[in-house]
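Visitor: Okay, handing you the structure first.
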Amino acid sequence: MGTSLTHSAPPCSPFFLNILQRDKDREHSLTETERRNPNLKIRTRHAAAMKPIQTKPLLLKSLTLFLISLPFFLFYVCFQTPLNLLPKPTTTTKESEGIRIRSGYSTYESYIQRQLNKTLNPKLRQIWTTRDWDRKIQVFSKFFTELKETGLLQNSSRALCIGARVGQEVQALKQVGVSESIGIDLVPYPPLVVKGDFHHQPFDDETFDFEFSNVFDHALYPEKFVGEIERTLRPGGVCVLHLALSRRADKYSANDLYSVKPLVRMFTRSEVVRVREVDGFGLDTEVVFRKTKN
């Protein structure tokens, strides 16, 4: 007695049965039509085979059209954007704040070396100590005498000259009666000038009653330069700075100052006494501060 093996189909839901039946009916209808018209069968199958190929030129055409129209669309959008909504360039220096720090110093040592190149220049030192000596003392004496007349400087003042080179301004202070006067510079010039970096003054807090400088433009860190002045000044002490605002300073300068406003902001513990025009060896502006806080 033979045994037959059969595989029973898994049960299908009515929804899938309807789909299967509809596909069978469509296939049967197409077969009957092709049987009556053999040429139709060839054309139909040929068209079915070619259909996917015909879509490629259409996609290529659409892509080409998109690429051609894209520049015109972007131009229209940019033209319609208000200028005030476009991104603005940013300033990499402090020029917009009234001061610009010059670039070119990779390290603090390279900055110090450049300043020493000027201070130790044999020709300049020869000029400072001979031809310029009497002339500069005479001009500085006139400035300091006027400060004494307005009560900003007294004979009893302990005075410091910052960046004094060979000390003409120190000698001028002594000649007008301010005997306790000293200068600092990277290179000492005894007995008028001792060695010192104006970014780190070698003096205790509240040492001086009066400080003068005409080398603010040589400060690589203007805030530290000012901070050391306010640290070593006594409360009520006076600082006088001679600056170049209307013209750029020399090639050894480390900053360019365009107005007194950034300077006033730096003196956080002092008030402005006066600002006036002067003629001081290429410097055109004098700013006087008085320390009001410890």
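Identifiers in the structure tokens: chain A, B, ... in order shown; residue index from 1 per chain; ligand index from 1 in order shown.
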So that I can check the surroundings of Leu263 in chain A, please list as JSON, numbers by chain every protein, DNA and RNA residue that reaches within 12 Å of it, counting only C-alpha atoms and ignoring chain neighbours fewer than 3 positions away.
Guide: {"A": [97, 98, 99, 216, 217, 222, 223, 224, 225, 226, 227, 241, 242, 243, 245, 256, 257, 258, 259, 260, 266, 267, 268, 270, 271, 272, 275, 286, 287, 288, 289]}
Visitor: When you count only C-alpha atoms, which of these residues is closest to Gln175 in chain A: A:Ser157, A:Gln138, A:Gln201, A:Thr150?
Guide: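 Of all the options, A:Gln138 lies closest to Gln175 in chain A.
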Visitor: May I ask which of the residues A:Thr285, A:Thr207, A:Thr119, A:Asn214 is the closest one to Ile229 in chain A, counting only C-alpha atoms?
Guide: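 Looking at the shortest contact to Ile229 in chain A, the residue is A:Thr207.
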Visitor: Can you pull out every residue from range 57-271 of chain A that DSSP, working from the backbone, puts in strand (DSSP E or B), and format the result as number ranges by chain?
Guide: A: 99-101, 159-162, 181-185, 189, 193-195, 197, 200, 208-213, 233-243, 255-257, 270-271
Visitor: Looking only at the backbone, which of the residues in range 124-287 of chain A does DSSP tag as helix (DSSP H, G or I), as a PyMOL selection string?
Guide: chain A and resi 124-129+131-149+168-175+216-218+222-232+261-266
Visitor: Report the distance between CA of Ile101 in chain A and CA of Lys195 in chain A in Å, rounded to one decimal place.
Guide: 24.7 Å
Visitor: So how far away is CA of Gly280 in chain A from CA of Arg247 in chain A, in Å?
Guide: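 Taking CA of Arg247 in chain A and CA of Gly280 in chain A, their separation equals 12.8 Å.
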Visitor: To one decimal in Å, tell me the separation between CA of Gly196 in chain A and CA of Glu277 in chain A.
Guide: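 Separation of CA of Gly196 in chain A and CA of Glu277 in chain A: 29.1 Å.
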Visitor: Select, from A:Phe198, A:Tyr252, A:Tyr221, A:Phe143, the residue with the minimum atom-to-atom distance to Arg100 in chain A, counting only C-alpha atoms.
Guide: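 Checking each candidate against Arg100 in chain A, we get A:Tyr221 as the closest.
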Visitor: When you count only C-alpha atoms, which of these residues is closest to Val215 in chain A: A:Asn255, A:Gln126, A:Ser110, A:Ser156?
Guide: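 Closest residue, counting only C-alpha atoms: A:Asn255.
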Visitor: Rank A:Leu186, A:Thr232, A:Val194, A:His200 by their smallest atom-to-atom distance to Gln113 in chain A, using only C-alpha atoms, and report the top residue only.
Guide: A:Leu186
